[in-house]
file entry_22.cif (mmCIF, C-alpha atoms)
data_query
loop_
_atom_site.label_atom_id
_atom_site.label_comp_id
_atom_site.auth_asym_id
_atom_site.auth_seq_id
_atom_site.Cartn_x
_atom_site.Cartn_y
_atom_site.Cartn_z
CA MET N 1 -9.35 21.35 16.31
CA LEU N 2 -8.78 19.32 13.12
CA ASN N 3 -11.37 19.54 10.37
CA ASN N 4 -12.87 16.31 8.98
CA PHE N 5 -10.34 16.09 6.15
CA GLU N 6 -7.35 16.49 8.45
CA GLN N 7 -8.77 13.97 10.90
CA SER N 8 -9.30 11.35 8.20
CA MET N 9 -5.84 11.85 6.75
CA ASN N 10 -4.19 11.40 10.14
CA GLU N 11 -5.89 8.11 10.98
CA HIS N 12 -3.89 5.04 10.02
CA GLY N 13 -3.29 1.55 11.25
CA GLY N 14 -0.40 0.56 13.45
CA ASN N 15 -0.83 3.04 16.33
CA ILE N 16 -0.33 0.54 19.12
CA TYR N 17 1.11 3.27 21.31
CA ARG N 18 -2.17 5.16 21.75
CA LEU N 19 -4.18 2.04 22.60
CA ALA N 20 -1.52 0.81 25.04
CA GLU N 21 -1.61 4.18 26.79
CA GLU N 22 -5.41 4.19 26.96
CA LEU N 23 -5.47 0.68 28.42
CA ASN N 24 -2.42 1.26 30.63
CA MET N 25 -0.80 -1.90 29.26
CA PRO N 26 2.60 -2.66 27.68
CA GLU N 27 2.75 -2.03 23.93
CA SER N 28 3.95 -5.62 23.46
CA LYS N 29 0.59 -6.87 24.76
CA VAL N 30 -1.42 -5.13 22.03
CA ILE N 31 -2.36 -7.43 19.14
CA ASP N 32 -2.23 -5.17 16.12
CA PHE N 33 -4.58 -6.27 13.33
CA SER N 34 -4.72 -2.72 11.96
CA ALA N 35 -1.31 -2.91 10.24
CA SER N 36 -0.99 -5.50 7.47
CA VAL N 37 2.53 -6.77 8.08
CA ASN N 38 4.07 -10.21 7.54
CA PRO N 39 3.10 -12.33 10.59
CA LEU N 40 6.55 -13.96 10.55
CA GLY N 41 8.11 -10.57 11.21
CA VAL N 42 11.66 -9.67 10.22
CA SER N 43 13.80 -12.53 8.94
CA GLU N 44 16.85 -13.74 10.85
CA LYS N 45 19.12 -12.72 7.96
CA VAL N 46 17.81 -9.18 8.22
CA LYS N 47 18.40 -9.09 11.96
CA ALA N 48 21.96 -10.34 11.45
CA GLY N 49 22.58 -7.72 8.78
CA ILE N 50 21.33 -4.94 11.04
CA LYS N 51 23.45 -6.12 13.96
CA LYS N 52 26.55 -6.19 11.78
CA GLU N 53 25.95 -2.65 10.56
CA LEU N 54 25.60 -1.10 14.03
CA GLN N 55 29.32 -0.34 14.17
CA ASN N 56 28.96 2.00 11.17
CA LEU N 57 26.21 4.25 12.47
CA HIS N 58 28.61 7.18 12.86
CA ASN N 59 28.70 7.46 9.06
CA TYR N 60 26.07 9.19 6.96
CA PRO N 61 24.01 6.77 4.84
CA ASP N 62 24.66 6.57 1.12
CA PRO N 63 22.37 9.32 -0.27
CA ASP N 64 21.98 7.43 -3.55
CA ALA N 65 21.41 4.03 -1.90
CA LYS N 66 23.58 2.64 -4.70
CA LYS N 67 24.07 -0.89 -3.35
CA LEU N 68 20.39 -1.21 -2.51
CA ARG N 69 19.35 0.02 -5.95
CA GLU N 70 21.72 -2.46 -7.56
CA LYS N 71 20.25 -5.28 -5.48
CA ILE N 72 16.67 -4.26 -6.35
CA ALA N 73 17.60 -3.97 -10.04
CA GLN N 74 19.14 -7.45 -9.97
CA TYR N 75 16.11 -8.83 -8.14
CA HIS N 76 13.62 -7.48 -10.70
CA HIS N 77 15.90 -7.59 -13.77
CA ILE N 78 15.60 -3.86 -14.40
CA GLU N 79 18.05 -0.96 -14.72
CA PRO N 80 19.27 0.65 -11.46
CA GLU N 81 19.18 4.08 -13.11
CA THR N 82 15.37 3.90 -13.15
CA LEU N 83 15.18 3.37 -9.39
CA LEU N 84 14.76 5.77 -6.50
CA CYS N 85 14.61 4.65 -2.87
CA GLY N 86 12.58 6.42 -0.22
CA ASN N 87 11.67 6.58 3.44
CA GLY N 88 8.95 4.07 2.81
CA SER N 89 6.94 4.28 -0.41
CA THR N 90 4.98 7.09 1.26
CA GLU N 91 7.86 9.52 0.67
CA LEU N 92 7.66 8.71 -3.04
CA ILE N 93 3.87 9.08 -3.07
CA TYR N 94 4.37 12.67 -1.92
CA LEU N 95 7.33 13.24 -4.21
CA VAL N 96 5.51 12.34 -7.43
CA PRO N 97 2.87 15.11 -7.48
CA LYS N 98 5.33 17.57 -5.99
CA ALA N 99 7.82 17.03 -8.83
CA LEU N 100 5.54 16.27 -11.78
CA LYS N 101 2.91 18.90 -10.94
CA PRO N 102 -0.23 17.27 -12.37
CA ARG N 103 -3.33 19.45 -12.67
CA ASN N 104 -6.08 16.83 -12.78
CA VAL N 105 -5.71 13.63 -10.77
CA VAL N 106 -8.07 10.69 -10.43
CA ILE N 107 -7.99 8.46 -7.36
CA MET N 108 -10.07 5.37 -6.61
CA ALA N 109 -12.56 5.32 -3.76
CA PRO N 110 -11.99 3.52 -1.50
CA THR N 111 -8.19 3.37 -1.54
CA PHE N 112 -5.11 4.44 0.45
CA SER N 113 -5.72 7.96 1.77
CA GLU N 114 -2.16 9.24 1.33
CA TYR N 115 -2.59 9.63 -2.45
CA GLU N 116 -5.16 12.35 -1.93
CA ARG N 117 -3.29 13.95 0.94
CA ALA N 118 -0.11 14.06 -1.18
CA CYS N 119 -2.05 15.89 -3.88
CA ARG N 120 -3.86 18.23 -1.46
CA THR N 121 -0.62 19.33 0.19
CA THR N 122 1.09 20.50 -3.01
CA SER N 123 1.98 24.19 -3.24
CA TYR N 124 -0.12 24.75 -6.37
CA LYS N 125 -3.77 24.32 -7.33
CA LEU N 126 -4.62 20.73 -8.18
CA LYS N 127 -7.97 19.04 -8.81
CA VAL N 128 -8.65 15.58 -7.39
CA THR N 129 -11.53 13.48 -8.71
CA SER N 130 -12.68 10.27 -7.04
CA TYR N 131 -13.55 7.19 -9.10
CA LYS N 132 -16.08 5.31 -7.00
CA LEU N 133 -15.76 1.53 -6.78
CA LYS N 134 -19.02 -0.37 -6.22
CA LYS N 135 -19.48 -2.66 -3.24
CA GLU N 136 -21.93 -4.72 -5.35
CA ASN N 137 -18.93 -5.65 -7.53
CA ASN N 138 -16.63 -6.41 -4.57
CA PHE N 139 -15.01 -3.00 -5.22
CA ASP N 140 -13.40 -4.40 -8.38
CA ILE N 141 -12.15 -2.14 -11.17
CA ASN N 142 -13.46 -2.73 -14.67
CA PRO N 143 -10.51 -1.65 -16.86
CA ASP N 144 -12.61 -0.80 -19.92
CA LYS N 145 -15.09 1.34 -17.98
CA PHE N 146 -12.28 3.00 -16.09
CA ILE N 147 -10.37 3.86 -19.26
CA SER N 148 -13.49 5.34 -20.83
CA SER N 149 -13.91 7.57 -17.78
CA LEU N 150 -10.45 9.07 -18.26
CA VAL N 151 -11.21 10.65 -21.63
CA THR N 152 -13.81 12.69 -23.44
CA CYS N 153 -14.42 11.92 -27.11
CA LEU N 154 -14.52 14.90 -29.44
CA PRO N 155 -17.49 14.70 -31.88
CA ASN N 156 -16.82 12.74 -35.07
CA ARG N 157 -13.15 12.16 -34.27
CA GLN N 158 -11.07 8.99 -34.09
CA ALA N 159 -9.52 7.63 -30.89
CA ARG N 160 -6.22 9.39 -31.64
CA HIS N 161 -8.02 12.71 -31.19
CA LEU N 162 -9.21 11.97 -27.68
CA SER N 163 -8.95 14.96 -25.39
CA LEU N 164 -7.24 14.52 -22.04
CA SER N 165 -9.40 14.61 -18.92
CA PHE N 166 -6.70 13.69 -16.40
CA ASP N 167 -2.91 13.86 -16.35
CA MET N 168 -2.26 11.50 -13.39
CA VAL N 169 -3.94 8.42 -11.95
CA PHE N 170 -3.15 6.62 -8.69
CA LEU N 171 -3.86 2.90 -8.71
CA CYS N 172 -3.25 0.65 -5.69
CA ASN N 173 -2.83 -3.01 -6.67
CA PRO N 174 -3.85 -5.04 -4.72
CA ASN N 175 -6.08 -2.26 -3.46
CA ASN N 176 -6.02 -1.11 0.14
CA PRO N 177 -8.40 -1.59 2.01
CA THR N 178 -10.35 -3.97 -0.27
CA GLY N 179 -7.59 -6.48 -1.01
CA ARG N 180 -8.80 -6.77 -4.61
CA LEU N 181 -6.23 -7.49 -7.31
CA LEU N 182 -6.12 -6.43 -10.94
CA LYS N 183 -4.34 -8.98 -13.11
CA LYS N 184 -1.15 -7.90 -14.84
CA GLU N 185 -2.77 -7.75 -18.28
CA GLU N 186 -5.56 -5.56 -16.92
CA VAL N 187 -3.10 -3.09 -15.42
CA LYS N 188 -1.10 -3.07 -18.65
CA LYS N 189 -4.29 -2.27 -20.55
CA ILE N 190 -4.84 0.78 -18.34
CA ALA N 191 -1.14 1.68 -18.66
CA ASP N 192 -1.31 1.51 -22.46
CA ALA N 193 -4.32 3.83 -22.43
CA ALA N 194 -2.50 6.20 -20.08
CA LYS N 195 0.46 6.24 -22.47
CA GLU N 196 -1.79 7.16 -25.40
CA LEU N 197 -3.39 9.91 -23.34
CA LYS N 198 -0.05 11.19 -21.98
CA CYS N 199 -1.37 10.62 -18.48
CA TYR N 200 0.92 9.32 -15.73
CA LEU N 201 -0.26 6.07 -14.15
CA VAL N 202 1.16 5.61 -10.65
CA VAL N 203 0.76 1.97 -9.65
CA ASP N 204 1.31 1.39 -5.95
CA GLU N 205 2.32 -2.26 -5.57
CA ALA N 206 2.81 -2.18 -1.80
CA PHE N 207 1.09 -5.58 -1.47
CA ILE N 208 2.07 -7.14 -4.82
CA ASP N 209 4.79 -9.27 -3.16
CA PHE N 210 1.97 -11.63 -2.20
CA HIS N 211 1.31 -12.06 -5.97
CA PRO N 212 4.64 -11.12 -7.59
CA GLU N 213 3.67 -12.62 -10.95
CA GLU N 214 1.10 -9.82 -11.37
CA SER N 215 3.59 -6.95 -11.06
CA VAL N 216 4.06 -4.49 -13.94
CA ILE N 217 7.42 -3.31 -12.66
CA LYS N 218 9.25 -4.53 -15.80
CA ASP N 219 6.84 -2.67 -18.07
CA VAL N 220 8.05 0.76 -16.95
CA GLN N 221 10.97 0.61 -19.39
CA ASN N 222 8.56 0.54 -22.36
CA ASN N 223 6.06 3.11 -21.11
CA PRO N 224 7.15 6.74 -20.46
CA TYR N 225 3.98 7.34 -18.42
CA LEU N 226 4.09 4.32 -16.09
CA ILE N 227 5.40 4.64 -12.53
CA VAL N 228 5.55 1.71 -10.09
CA LEU N 229 5.99 2.12 -6.34
CA ARG N 230 6.98 -0.70 -3.98
CA SER N 231 7.11 -1.02 -0.20
CA MET N 232 9.37 -3.11 2.04
CA THR N 233 6.83 -2.80 4.87
CA LYS N 234 4.14 -5.35 4.16
CA PHE N 235 5.89 -8.50 2.95
CA TYR N 236 9.30 -7.90 4.54
CA ALA N 237 8.04 -6.40 7.84
CA LEU N 238 10.49 -3.46 7.77
CA SER N 239 7.80 -1.09 9.05
CA GLY N 240 9.94 0.51 11.73
CA LEU N 241 12.88 1.18 9.39
CA ARG N 242 10.82 2.85 6.63
CA VAL N 243 12.15 1.80 3.24
CA GLY N 244 10.49 1.65 -0.15
CA TYR N 245 11.40 2.25 -3.77
CA GLY N 246 9.98 3.35 -7.08
CA VAL N 247 10.68 2.53 -10.72
CA PHE N 248 10.35 5.54 -13.02
CA PRO N 249 10.67 6.37 -16.71
CA ARG N 250 14.22 7.57 -17.32
CA HIS N 251 13.20 11.04 -18.49
CA ILE N 252 11.68 12.00 -15.12
CA VAL N 253 14.27 10.52 -12.73
CA ASN N 254 16.42 13.66 -12.58
CA MET N 255 13.32 15.81 -12.15
CA LEU N 256 12.30 13.73 -9.15
CA LYS N 257 15.80 13.89 -7.69
CA GLU N 258 15.68 17.69 -7.79
CA HIS N 259 12.70 17.66 -5.43
CA LYS N 260 13.83 14.80 -3.20
CA GLU N 261 15.31 15.37 0.22
CA PRO N 262 18.74 13.82 0.89
CA TRP N 263 19.57 10.97 3.27
CA THR N 264 15.98 9.82 3.73
CA VAL N 265 16.87 6.10 3.71
CA ASN N 266 19.06 5.41 6.71
CA THR N 267 21.96 2.98 6.80
CA LEU N 268 20.14 0.24 8.72
CA ALA N 269 17.17 0.44 6.36
CA GLN N 270 19.40 0.04 3.32
CA LYS N 271 21.25 -2.96 4.77
CA ALA N 272 18.04 -4.56 6.02
CA ALA N 273 16.37 -4.23 2.62
CA ILE N 274 19.34 -5.82 0.86
CA ALA N 275 19.29 -8.75 3.29
CA ALA N 276 15.49 -9.13 3.00
CA LEU N 277 15.57 -9.41 -0.79
CA ALA N 278 18.22 -12.12 -0.54
CA ASP N 279 16.30 -14.28 1.93
CA ASN N 280 14.26 -16.55 -0.32
CA ASN N 281 13.60 -19.09 2.43
CA HIS N 282 11.77 -16.46 4.49
CA ALA N 283 9.64 -15.62 1.44
CA VAL N 284 8.70 -19.27 0.91
CA LYS N 285 7.70 -19.62 4.57
CA THR N 286 5.64 -16.44 4.31
CA PHE N 287 3.58 -17.72 1.39
CA LYS N 288 2.88 -20.95 3.24
CA VAL N 289 1.80 -19.23 6.45
CA ILE N 290 -0.37 -16.65 4.70
CA ARG N 291 -2.25 -19.30 2.71
CA LYS N 292 -2.88 -21.38 5.82
CA GLU N 293 -3.96 -18.49 8.04
CA LYS N 294 -6.21 -16.95 5.40
CA ARG N 295 -8.16 -20.20 5.26
CA PHE N 296 -8.46 -20.20 9.05
CA LEU N 297 -9.75 -16.64 9.17
CA GLU N 298 -12.19 -17.12 6.29
CA ASN N 299 -13.66 -20.17 8.02
CA GLY N 300 -13.96 -18.16 11.22
CA PHE N 301 -15.69 -15.26 9.48
CA ARG N 302 -18.16 -17.63 7.79
CA GLU N 303 -18.93 -19.36 11.09
CA LEU N 304 -19.68 -15.99 12.71
CA GLY N 305 -21.75 -14.79 9.76
CA ILE N 306 -19.38 -11.90 9.05
CA LYS N 307 -19.25 -10.65 5.47
CA PHE N 308 -15.70 -10.45 4.14
CA TYR N 309 -14.47 -9.46 0.71
CA PRO N 310 -12.25 -12.01 -1.05
CA SER N 311 -8.70 -10.73 -0.67
CA ASP N 312 -5.51 -11.17 -2.66
CA ALA N 313 -3.44 -9.52 0.07
CA ASN N 314 -2.60 -10.21 3.71
CA PHE N 315 -5.69 -8.49 5.10
CA TYR N 316 -9.49 -8.58 4.86
CA LEU N 317 -12.15 -5.91 4.56
CA LEU N 318 -15.07 -6.90 6.80
CA LYS N 319 -18.57 -5.48 6.81
CA ILE N 320 -20.28 -5.61 10.19
CA ASN N 321 -23.36 -3.40 10.52
CA ASN N 322 -22.72 -2.54 14.16
CA SER N 323 -18.93 -2.39 13.89
CA PHE N 324 -18.94 0.99 15.68
CA LEU N 325 -19.96 -1.02 18.76
CA ILE N 326 -17.71 -4.00 17.99
CA VAL N 327 -14.44 -2.07 17.63
CA PRO N 328 -14.41 -0.63 21.19
CA ILE N 329 -15.04 -4.10 22.62
CA LEU N 330 -12.07 -5.47 20.65
CA ASN N 331 -9.93 -2.54 21.77
CA ARG N 332 -10.70 -3.22 25.43
CA LYS N 333 -9.37 -6.74 24.87
CA GLY N 334 -6.12 -5.26 23.53
CA ILE N 335 -6.98 -5.99 19.90
CA LEU N 336 -6.45 -3.15 17.43
CA VAL N 337 -8.31 -3.23 14.10
CA ARG N 338 -8.56 -0.65 11.32
CA ASN N 339 -11.75 1.40 11.40
CA CYS N 340 -12.42 2.14 7.71
CA SER N 341 -14.96 4.93 8.13
CA ASN N 342 -12.42 7.52 6.93
CA PHE N 343 -11.95 5.79 3.56
CA LYS N 344 -13.94 7.51 0.83
CA GLY N 345 -16.69 5.16 -0.32
CA LEU N 346 -16.91 3.32 3.02
CA ASP N 347 -18.71 4.00 6.29
CA ASN N 348 -18.46 2.92 9.92
CA SER N 349 -19.77 -0.57 9.12
CA TYR N 350 -16.40 -1.54 7.62
CA ILE N 351 -13.22 -2.64 9.37
CA ARG N 352 -9.96 -4.07 8.04
CA VAL N 353 -8.02 -6.85 9.75
CA ALA N 354 -4.57 -8.21 8.97
CA VAL N 355 -3.63 -11.88 8.63
CA LYS N 356 -1.44 -12.75 11.59
CA SER N 357 -0.17 -15.85 13.41
CA ARG N 358 -2.50 -18.70 14.43
CA PRO N 359 -2.69 -17.76 18.15
CA GLN N 360 -3.41 -14.12 17.25
CA ASN N 361 -5.93 -15.02 14.55
CA ARG N 362 -7.69 -17.34 16.98
CA ALA N 363 -7.79 -14.52 19.55
CA LEU N 364 -9.40 -12.24 16.95
CA VAL N 365 -12.08 -14.77 16.01
CA GLU N 366 -12.93 -15.42 19.66
CA ALA N 367 -13.00 -11.70 20.44
CA LEU N 368 -15.33 -11.13 17.49
CA ARG N 369 -17.55 -13.97 18.70
CA TYR N 370 -17.72 -12.38 22.15
CA ALA N 371 -18.38 -8.90 20.75
CA LEU N 372 -21.16 -10.08 18.43
CA ASN N 373 -22.95 -11.73 21.36
CA GLU N 374 -22.69 -8.72 23.67
#
call {"tool": "encode", "arguments": {"input": "entry_22.cif", "output": "structure tokens"}}
result
Amino acid sequence: MLNNFEQSMNEHGGNIYRLAEELNMPESKVIDFSASVNPLGVSEKVKAGIKKELQNLHNYPDPDAKKLREKIAQYHHIEPETLLCGNGSTELIYLVPKALKPRNVVIMAPTFSEYERACRTTSYKLKVTSYKLKKENNFDINPDKFISSLVTCLPNRQARHLSLSFDMVFLCNPNNPTGRLLKKEEVKKIADAAKELKCYLVVDEAFIDFHPEESVIKDVQNNPYLIVLRSMTKFYALSGLRVGYGVFPRHIVNMLKEHKEPWTVNTLAQKAAIAALADNNHAVKTFKVIRKEKRFLENGFRELGIKFYPSDANFYLLKINNSFLIVPILNRKGILVRNCSNFKGLDNSYIRVAVKSRPQNRALVEALRYALNE
């Protein structure tokens, strides 16, 4: 039997297979609001690229993902030598503590659970400290207060004599599951403090594609302690192919490579990612749909009296006091939502729902209406 920690770490969104089995229904009939993926799905250019590459599946994939790294570098105007690609950004989340071996790590609460699991599963002793975000403040991070929590001032000394409290910080921006965004200048302020303290700041920008102007990906080149991780899952809908990438200070790239498994990004994933980055029309359509559907959902939540936290991503954190009764009713209707009770700092009154297509969003609002009146 799994202990509470193992149970919480193994619960994620996107498990349509289990619900379909429980309901004895086709997986295609499940409406999955638990995984925050682009409602437009995979672009036609990506599908064409995958189809074209099928004839080459007898070959091993490029272990260095050279063409993909070059495309990403061109896309972001950065150096390809600072890039590593992974089997989703999750592989890189696990790689970072494994390779860099931090001793004292701080992680927000609530936030993505894999940061803590990646730290807990290292082969050496590592201390994880939670930085609690307050619901009264919409779970926002105050950069100044957060920076002050990272250090301890020695008596009668100047700032340059600050003693280090932590040597690694994980920051999800926009944060999952709250959807709250730190502006670029705010993240840079934390990154500058991390640089002074010689503390690695790992910024997970899995959802930043919905606000690309707020990314700090270009700032890595000027900060030897800044790491930025990106995912091709959320905005580009490549969930099933598993592809992500990270931008790292040059001096740690080889160290990371020494601990990285080979061939983790398969051939189809590499080709699909290249095609996705080149499809600007799909990106434009995505922004339009997300804006429109977020308005629809927000109006629906207000009409039903459901508290939602303003979100800068393609999902919403909802607070419904009896959600432990609501979720099973939604499930029986074939609607899967993310129970957030296993996020540190949240309880079973919180659920997370993705922004999907109009028919699916309408089905969610109507199912919520039905469940609230049961």
call {"tool": "resolve_selection", "arguments": {"input": "entry_22.cif", "expression": "the PyMOL selection byres ((chain N and resi 327) around 12)", "output": "ChimeraX atom specification"}}
result
/N:33-34,318,320-326,328-341,348-353,364,367-368,370-372
call {"tool": "write_last_selection", "arguments": {"input": "entry_22.cif", "atoms": "C-alpha atoms", "output": "mmCIF file, in the coordinates of the input"}}
result
data_model
loop_
_atom_site.group_PDB
_atom_site.id
_atom_site.type_symbol
_atom_site.label_atom_id
_atom_site.label_comp_id
_atom_site.auth_asym_id
_atom_site.auth_seq_id
_atom_site.Cartn_x
_atom_site.Cartn_y
_atom_site.Cartn_z
ATOM 1 C CA PHE N 33 -4.580 -6.270 13.330
ATOM 2 C CA SER N 34 -4.720 -2.720 11.960
ATOM 3 C CA LEU N 318 -15.070 -6.900 6.800
ATOM 4 C CA ILE N 320 -20.280 -5.610 10.190
ATOM 5 C CA ASN N 321 -23.360 -3.400 10.520
ATOM 6 C CA ASN N 322 -22.720 -2.540 14.160
ATOM 7 C CA SER N 323 -18.930 -2.390 13.890
ATOM 8 C CA PHE N 324 -18.940 0.990 15.680
ATOM 9 C CA LEU N 325 -19.960 -1.020 18.760
ATOM 10 C CA ILE N 326 -17.710 -4.000 17.990
ATOM 11 C CA PRO N 328 -14.410 -0.630 21.190
ATOM 12 C CA ILE N 329 -15.040 -4.100 22.620
ATOM 13 C CA LEU N 330 -12.070 -5.470 20.650
ATOM 14 C CA ASN N 331 -9.930 -2.540 21.770
ATOM 15 C CA ARG N 332 -10.700 -3.220 25.430
ATOM 16 C CA LYS N 333 -9.370 -6.740 24.870
ATOM 17 C CA GLY N 334 -6.120 -5.260 23.530
ATOM 18 C CA ILE N 335 -6.980 -5.990 19.900
ATOM 19 C CA LEU N 336 -6.450 -3.150 17.430
ATOM 20 C CA VAL N 337 -8.310 -3.230 14.100
ATOM 21 C CA ARG N 338 -8.560 -0.650 11.320
ATOM 22 C CA ASN N 339 -11.750 1.400 11.400
ATOM 23 C CA CYS N 340 -12.420 2.140 7.710
ATOM 24 C CA SER N 341 -14.960 4.930 8.130
ATOM 25 C CA ASN N 348 -18.460 2.920 9.920
ATOM 26 C CA SER N 349 -19.770 -0.570 9.120
ATOM 27 C CA TYR N 350 -16.400 -1.540 7.620
ATOM 28 C CA ILE N 351 -13.220 -2.640 9.370
ATOM 29 C CA ARG N 352 -9.960 -4.070 8.040
ATOM 30 C CA VAL N 353 -8.020 -6.850 9.750
ATOM 31 C CA LEU N 364 -9.400 -12.240 16.950
ATOM 32 C CA ALA N 367 -13.000 -11.700 20.440
ATOM 33 C CA LEU N 368 -15.330 -11.130 17.490
ATOM 34 C CA TYR N 370 -17.720 -12.380 22.150
ATOM 35 C CA ALA N 371 -18.380 -8.900 20.750
ATOM 36 C CA LEU N 372 -21.160 -10.080 18.430
#
call {"tool": "atom_distance", "arguments": {"input": "entry_22.cif", "atom1": "CA of Tyr17 in chain N", "atom2": "CA of Leu229 in chain N"}}
result
28.1 Å
call {"tool": "atom_distance", "arguments": {"input": "entry_22.cif", "atom1": "CA of Lys51 in chain N", "atom2": "CA of Val289 in chain N"}}
result
26.4 Å
call {"tool": "resolve_selection", "arguments": {"input": "entry_22.cif", "expression": "the PyMOL selection byres ((chain N and resi 64) around 8)", "output": "PyMOL selection string"}}
result
chain N and resi 62-63+65-66+84-85
call {"tool": "residues_around", "arguments": {"input": "entry_22.cif", "residues": "Asn142 in chain N", "least_positions_apart": "5", "cutoff": "12 Å", "atoms": "all atoms listed in the file", "output": "MDAnalysis selection string"}}
result
chainID N and resid 108 131:134 137 147:149 180:183 186:187 189:190
call {"tool": "residues_around", "arguments": {"input": "entry_22.cif", "residues": "Lys257 in chain N", "least_positions_apart": "6", "cutoff": "12 Å", "atoms": "all atoms listed in the file", "output": "JSON, numbers by chain"}}
result
{"N": [63, 64, 81, 82, 83, 84, 85, 86, 92, 95, 96, 98, 99, 100, 248, 250, 251, 263]}
call {"tool": "atom_distance", "arguments": {"input": "entry_22.cif", "atom1": "CA of Glu116 in chain N", "atom2": "CA of Tyr200 in chain N"}}
result
15.4 Å
call {"tool": "closest_residue", "arguments": {"input": "entry_22.cif", "among": "N:Arg69, N:Lys125, N:Arg291, N:Lys271", "to": "Asn56 in chain N", "atoms": "all atoms listed in the file"}}
result
N:Lys271
call {"tool": "residues_around", "arguments": {"input": "entry_22.cif", "residues": "Leu346 in chain N", "least_positions_apart": "6", "cutoff": "10 Å", "atoms": "only C-alpha atoms", "output": "VMD selection string"}}
result
chain N and resid 109 to 111 135 177 319 340
call {"tool": "closest_residue", "arguments": {"input": "entry_22.cif", "among": "N:Ala354, N:Ile78, N:Glu374, N:Ala276", "to": "Ile50 in chain N", "atoms": "all atoms listed in the file"}}
result
N:Ala276
call {"tool": "resolve_selection", "arguments": {"input": "entry_22.cif", "expression": "the PyMOL selection byres ((chain N and resi 217) around 8)", "output": "list in words"}}
result
His76, Ser215, Val216, Lys218, Asp219, Val220, Val228 and Val247 of chain N
call {"tool": "residues_around", "arguments": {"input": "entry_22.cif", "residues": "Glu298 in chain N", "least_positions_apart": "5", "cutoff": "9 Å", "atoms": "only C-alpha atoms", "output": "MDAnalysis selection string"}}
result
chainID N and resid 293 303 308 310
call {"tool": "closest_residue", "arguments": {"input": "entry_22.cif", "among": "N:Val37, N:Ile306, N:Leu268, N:Leu297", "to": "Gln55 in chain N", "atoms": "only C-alpha atoms"}}
result
N:Leu268
call {"tool": "closest_residue", "arguments": {"input": "entry_22.cif", "among": "N:His259, N:Lys356, N:Lys188, N:Arg230", "to": "Tyr245 in chain N", "atoms": "only C-alpha atoms"}}
result
N:Arg230
call {"tool": "residues_around", "arguments": {"input": "entry_22.cif", "residues": "Arg362 in chain N", "least_positions_apart": "4", "cutoff": "9 Å", "atoms": "all atoms listed in the file", "output": "number ranges by chain"}}
result
N: 296-297, 300, 357-358, 366-367
call {"tool": "closest_residue", "arguments": {"input": "entry_22.cif", "among": "N:Glu205, N:Glu196, N:Glu21, N:Asp167", "to": "Ile107 in chain N", "atoms": "all atoms listed in the file"}}
result
N:Asp167
call {"tool": "closest_residue", "arguments": {"input": "entry_22.cif", "among": "N:Met232, N:Val203, N:Leu23, N:Ala194", "to": "Phe170 in chain N", "atoms": "all atoms listed in the file"}}
result
N:Val203
call {"tool": "build_atoms", "arguments": {"input": "entry_22.cif", "residues": "range 41-52 of chain N", "atoms": "N, CA and C atoms", "output": "tab-separated table (two decimals), in the frame of the given file"}}
result
chain	number	residue	atom	x	y	z
N	41	GLY	N	7.22	-11.64	10.78
N	41	GLY	CA	8.11	-10.57	11.21
N	41	GLY	C	9.37	-10.49	10.36
N	42	VAL	N	10.39	-9.88	10.92
N	42	VAL	CA	11.66	-9.67	10.22
N	42	VAL	C	12.45	-10.98	10.19
N	43	SER	N	13.05	-11.28	9.07
N	43	SER	CA	13.80	-12.53	8.94
N	43	SER	C	15.10	-12.48	9.75
N	44	GLU	N	15.62	-13.65	10.06
N	44	GLU	CA	16.85	-13.74	10.85
N	44	GLU	C	18.04	-13.15	10.08
N	45	LYS	N	18.04	-13.30	8.77
N	45	LYS	CA	19.12	-12.72	7.96
N	45	LYS	C	19.11	-11.20	8.05
N	46	VAL	N	17.93	-10.64	8.09
N	46	VAL	CA	17.81	-9.18	8.22
N	46	VAL	C	18.33	-8.73	9.58
N	47	LYS	N	17.94	-9.44	10.61
N	47	LYS	CA	18.40	-9.09	11.96
N	47	LYS	C	19.92	-9.16	12.05
N	48	ALA	N	20.50	-10.19	11.44
N	48	ALA	CA	21.96	-10.34	11.45
N	48	ALA	C	22.63	-9.20	10.70
N	49	GLY	N	22.04	-8.81	9.56
N	49	GLY	CA	22.58	-7.72	8.78
N	49	GLY	C	22.54	-6.40	9.52
N	50	ILE	N	21.46	-6.16	10.24
N	50	ILE	CA	21.33	-4.94	11.04
N	50	ILE	C	22.36	-4.92	12.16
N	51	LYS	N	22.50	-6.04	12.85
N	51	LYS	CA	23.45	-6.12	13.96
N	51	LYS	C	24.87	-5.86	13.49
N	52	LYS	N	25.21	-6.38	12.33
N	52	LYS	CA	26.55	-6.19	11.78
N	52	LYS	C	26.82	-4.74	11.43
